[in-house]
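To start, the structure under review is shown below, and the notes come after it.
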Amino acid sequence: MGSDIPEGMLFELVSSEEVQTAYEIETAAFPPEEAASLEALKTRQAVAPKLFLGAYTSASPRTLIGYANATLATSLTADSMHVHDPAGTAVCVHGLAVVEHHRRTGVASALLKEYIRRLRDDPAVGNIQAESILLICHEDLIPLYTRVGFTLQGKSPVVHGPTVWFEMRVDLSSSSNVETSDVQDAIPPNVLAALTTPSRSRPAARLLSSFPSMHSLVTATGENIFDLLCPRMGCGSVVLKAGVAKLQRGASVELEPPEHNPPAPLERLPSPPEQIDWWLVTPSPMAFENIAFSHAVPSNAAAASQIKFLACAECDLGALGWSHVGGREFWLAVSRVGYR
């Protein structure tokens with residue numbers, strides 16, 4: 001697995017002096033019930049400094065923009081998430097976080113790939129040789145972790161909040177992981193089907209501006225004629241197959257803070273409440289071929305609710321759209337996806 005470092009970024013171990021900055025990133029990225037305490041982060045860095053990897057801007061002054069941290073255990077349980085077992089051979093990842101204005105730019109994927117690469121190249125942690133990397137995630141993040149090399153093991157016994165967690169694994173001694181048949185009984189059928197779909201070629205995405213009119217994009221009943229793709233050059237990952245979404249006109253949504261420009265080739269959407277065209281996808285994330293979700297953020301709409309941003313699960317480009325937390329409707333901006 002290559003390191004695929006985005007331009008202007010480097011990876012280094014997080015020092016004890018930088019844990020406070022990591023804590024600030026942690027509390028901004030996770031809800032209070034999931035965020036680690038400053039003391040927990042300090043402990044993780046002290047007992048397993050090799051497992052606390054940071055992503056930094058390479059420009060001076062060097063700035064921490066994301067990190068992944070872990071400790072050792074024999075298995076991933078609720079108890080093992082709070083202690084470090086120096087005799088454990090499993091690297092249990094506790095947290096992955098990126099500062100807001102660097103999210104959906106490829107940082108998280110590159111950081112995970114680098115984390116795996118380093119441990120494959122040198123699995124020594126203290127006096128043991130690490131054999132695997134384990135983590136738990138919510139269902140909507142399974143595609144992201146799968147694409148960087150993790151294998152889904154099934155539902156996790158860990159209970160933390162109301163949402164089900166799923167365990168993911170990387171075997172450091174081999175590029176192959178647990179066979180699907182060993183865990184398929186524990187995996188929701190729709191998740192299993194998505195993960196066992198053969199990889200697709202990298203098509204070139206046509207942008208919205210290349211079409212003469214919106215009529216070129218929809219069937220007589222309003223469905224998308226074309227596959228919807230990640231518009232980033234060199235990615236082209238299929239986000240949604242033809243015929244799955246419905247064209248809808250609706251109010252614009254602020255997908256980036258006003259002070260930040262969207263990553264290329266995305267263009268800023270008009271300010272709410274101006275009306276724009278959206279692709280409406282229902283009734284669950286498994287309707288997508290490839291999608292990733294941000295953490296929950298406050299909505300700028302009149303209704304007091306939280307939303308998640310949608311991004312390409314292959315390269316993290318986003319935001320391509322949004323959805324309400326816990327909702328069954330997913331909105332892709334027509335101007336922010338490619339077509340094939």
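Residue numbering restarts at 1 for every chain of the structure tokens, chains are lettered A, B, ... in their displayed order, and ligands are numbered from 1 as they appear.
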- Please identify which residues in range 84-332 of chain A DSSP calls strand (DSSP E) from the backbone, and express them as a ChimeraX atom specification. /A:90-98,124-125,128-129,132-137,151-155,166-171,228-229,238-240,246-251,275-281,292-293,297-298,306-311,318-324,330-332
- Mind checking which residues fall within 9 Å of range 276-283 of chain A, counting only C-alpha atoms, ignoring those fewer than 3 positions away in the same chain, and posting them as a ChimeraX atom specification? /A:223-224,240,244-252,269-270,286-288,321,327-335
Counting only C-alpha atoms, which residues of range 107-161 of chain A fall within 9 Å of range 49-65 of chain A, and what is the closest atom pair for each with its distance in Å at one decimal, ordered by chain and rising number, as a tab-separated table?
```
residue	atom	partner	partner_atom	distance
A:Val107	CA	A:Ala55	CA	7.5
A:Ala108	CA	A:Ala55	CA	8.8
A:Ala110	CA	A:Ala55	CA	8.9
A:Leu111	CA	A:Ala55	CA	6.6
A:Glu114	CA	A:Leu53	CA	8.9
A:Tyr115	CA	A:Leu53	CA	7.1
A:Leu119	CA	A:Leu51	CA	8.9
A:Val125	CA	A:Lys50	CA	7.1
A:Gly126	CA	A:Lys50	CA	8.9
```
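Interatomic distance, CA of Glu34 in chain A against CA of Ser156 in chain A: 15.9 Å.
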- Which neighbours of His84 in chain A fall inside 9 Å, counting only C-alpha atoms, when residues of the same chain fewer than 6 positions from it are skipped, and could you give them as a ChimeraX atom specification? /A:44,47-48,70-73
- Item | Shortest interatomic distance to Cys235 in chain A - which of A:Gly8, A:Pro298, A:Pro31, A:Pro265, counting only C-alpha atoms | A:Pro265
- Task: Write down as a PyMOL selection string the residues of range 114-314 of chain A whose backbone DSSP state falls under helix (DSSP H, G or I).
- Result: chain A and resi 114-121+139-147+180-186+189-195+208-210+214-216+285-287
- Item | For Val238 in chain A: contacts at 8 Å, only C-alpha atoms, fewer than 4 positions along chain excluded, given as a ChimeraX atom specification | /A:200,227-230,289-290
For the selection just defined, write its residues with all heavy atoms to a file, as an mmCIF file, in the first residue's frame.
```cif
data_model
loop_
_atom_site.group_PDB
_atom_site.id
_atom_site.type_symbol
_atom_site.label_atom_id
_atom_site.label_comp_id
_atom_site.auth_asym_id
_atom_site.auth_seq_id
_atom_site.Cartn_x
_atom_site.Cartn_y
_atom_site.Cartn_z
ATOM 1 N N ARG A 200 -14.241 -1.179 -9.609
ATOM 2 C CA ARG A 200 -14.545 -0.671 -10.946
ATOM 3 C C ARG A 200 -13.335 0.067 -11.508
ATOM 4 O O ARG A 200 -12.459 0.502 -10.778
ATOM 5 C CB ARG A 200 -15.751 0.257 -10.882
ATOM 6 C CG ARG A 200 -17.024 -0.491 -10.489
ATOM 7 C CD ARG A 200 -18.158 0.479 -10.224
ATOM 8 N NE ARG A 200 -19.390 -0.225 -9.974
ATOM 9 C CZ ARG A 200 -19.721 -0.763 -8.811
ATOM 10 N NH1 ARG A 200 -18.912 -0.679 -7.793
ATOM 11 N NH2 ARG A 200 -20.863 -1.397 -8.662
ATOM 12 N N ASP A 227 -24.388 7.491 -14.347
ATOM 13 C CA ASP A 227 -23.745 7.239 -13.069
ATOM 14 C C ASP A 227 -23.212 8.571 -12.536
ATOM 15 O O ASP A 227 -22.727 9.412 -13.312
ATOM 16 C CB ASP A 227 -22.558 6.282 -13.225
ATOM 17 C CG ASP A 227 -22.983 4.864 -13.593
ATOM 18 O OD1 ASP A 227 -24.174 4.544 -13.437
ATOM 19 O OD2 ASP A 227 -22.112 4.089 -14.033
ATOM 20 N N LEU A 228 -23.280 8.757 -11.226
ATOM 21 C CA LEU A 228 -22.726 9.948 -10.596
ATOM 22 C C LEU A 228 -21.348 9.596 -10.041
ATOM 23 O O LEU A 228 -21.192 8.611 -9.321
ATOM 24 C CB LEU A 228 -23.630 10.444 -9.471
ATOM 25 C CG LEU A 228 -25.093 10.699 -9.848
ATOM 26 C CD1 LEU A 228 -25.836 11.325 -8.669
ATOM 27 C CD2 LEU A 228 -25.214 11.577 -11.089
ATOM 28 N N LEU A 229 -20.345 10.394 -10.382
ATOM 29 C CA LEU A 229 -18.957 10.105 -10.067
ATOM 30 C C LEU A 229 -18.354 11.184 -9.179
ATOM 31 O O LEU A 229 -18.819 12.324 -9.151
ATOM 32 C CB LEU A 229 -18.120 10.016 -11.339
ATOM 33 C CG LEU A 229 -18.091 8.713 -12.139
ATOM 34 C CD1 LEU A 229 -19.486 8.251 -12.543
ATOM 35 C CD2 LEU A 229 -17.193 8.869 -13.355
ATOM 36 N N CYS A 230 -17.269 10.823 -8.497
ATOM 37 C CA CYS A 230 -16.432 11.841 -7.861
ATOM 38 C C CYS A 230 -15.817 12.680 -8.980
ATOM 39 O O CYS A 230 -15.247 12.130 -9.923
ATOM 40 C CB CYS A 230 -15.336 11.184 -7.031
ATOM 41 S SG CYS A 230 -14.095 12.361 -6.412
ATOM 42 N N GLU A 289 -22.925 3.631 -4.078
ATOM 43 C CA GLU A 289 -21.809 2.742 -4.369
ATOM 44 C C GLU A 289 -20.614 3.090 -3.489
ATOM 45 O O GLU A 289 -19.804 2.236 -3.143
ATOM 46 C CB GLU A 289 -21.400 2.868 -5.846
ATOM 47 C CG GLU A 289 -22.484 2.494 -6.834
ATOM 48 C CD GLU A 289 -22.868 1.036 -6.725
ATOM 49 O OE1 GLU A 289 -21.977 0.189 -6.891
ATOM 50 O OE2 GLU A 289 -24.052 0.755 -6.456
ATOM 51 N N ASN A 290 -20.495 4.354 -3.151
ATOM 52 C CA ASN A 290 -19.303 4.863 -2.474
ATOM 53 C C ASN A 290 -19.659 6.201 -1.861
ATOM 54 O O ASN A 290 -19.965 7.158 -2.566
ATOM 55 C CB ASN A 290 -18.176 5.009 -3.516
ATOM 56 C CG ASN A 290 -17.142 6.053 -3.127
ATOM 57 O OD1 ASN A 290 -16.916 6.347 -1.960
ATOM 58 N ND2 ASN A 290 -16.506 6.624 -4.140
#
```
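If you measure from each of A:Ala90, A:Arg268, A:Gln153, A:Ala292 to Gln129 in chain A using only C-alpha atoms, the closest one turns out to be A:Ala90.
For the choices A:Tyr23, A:Tyr67, A:Trp322, A:Phe293, the atom-to-atom distance to His138 in chain A is smallest for A:Phe293 when using only C-alpha atoms.
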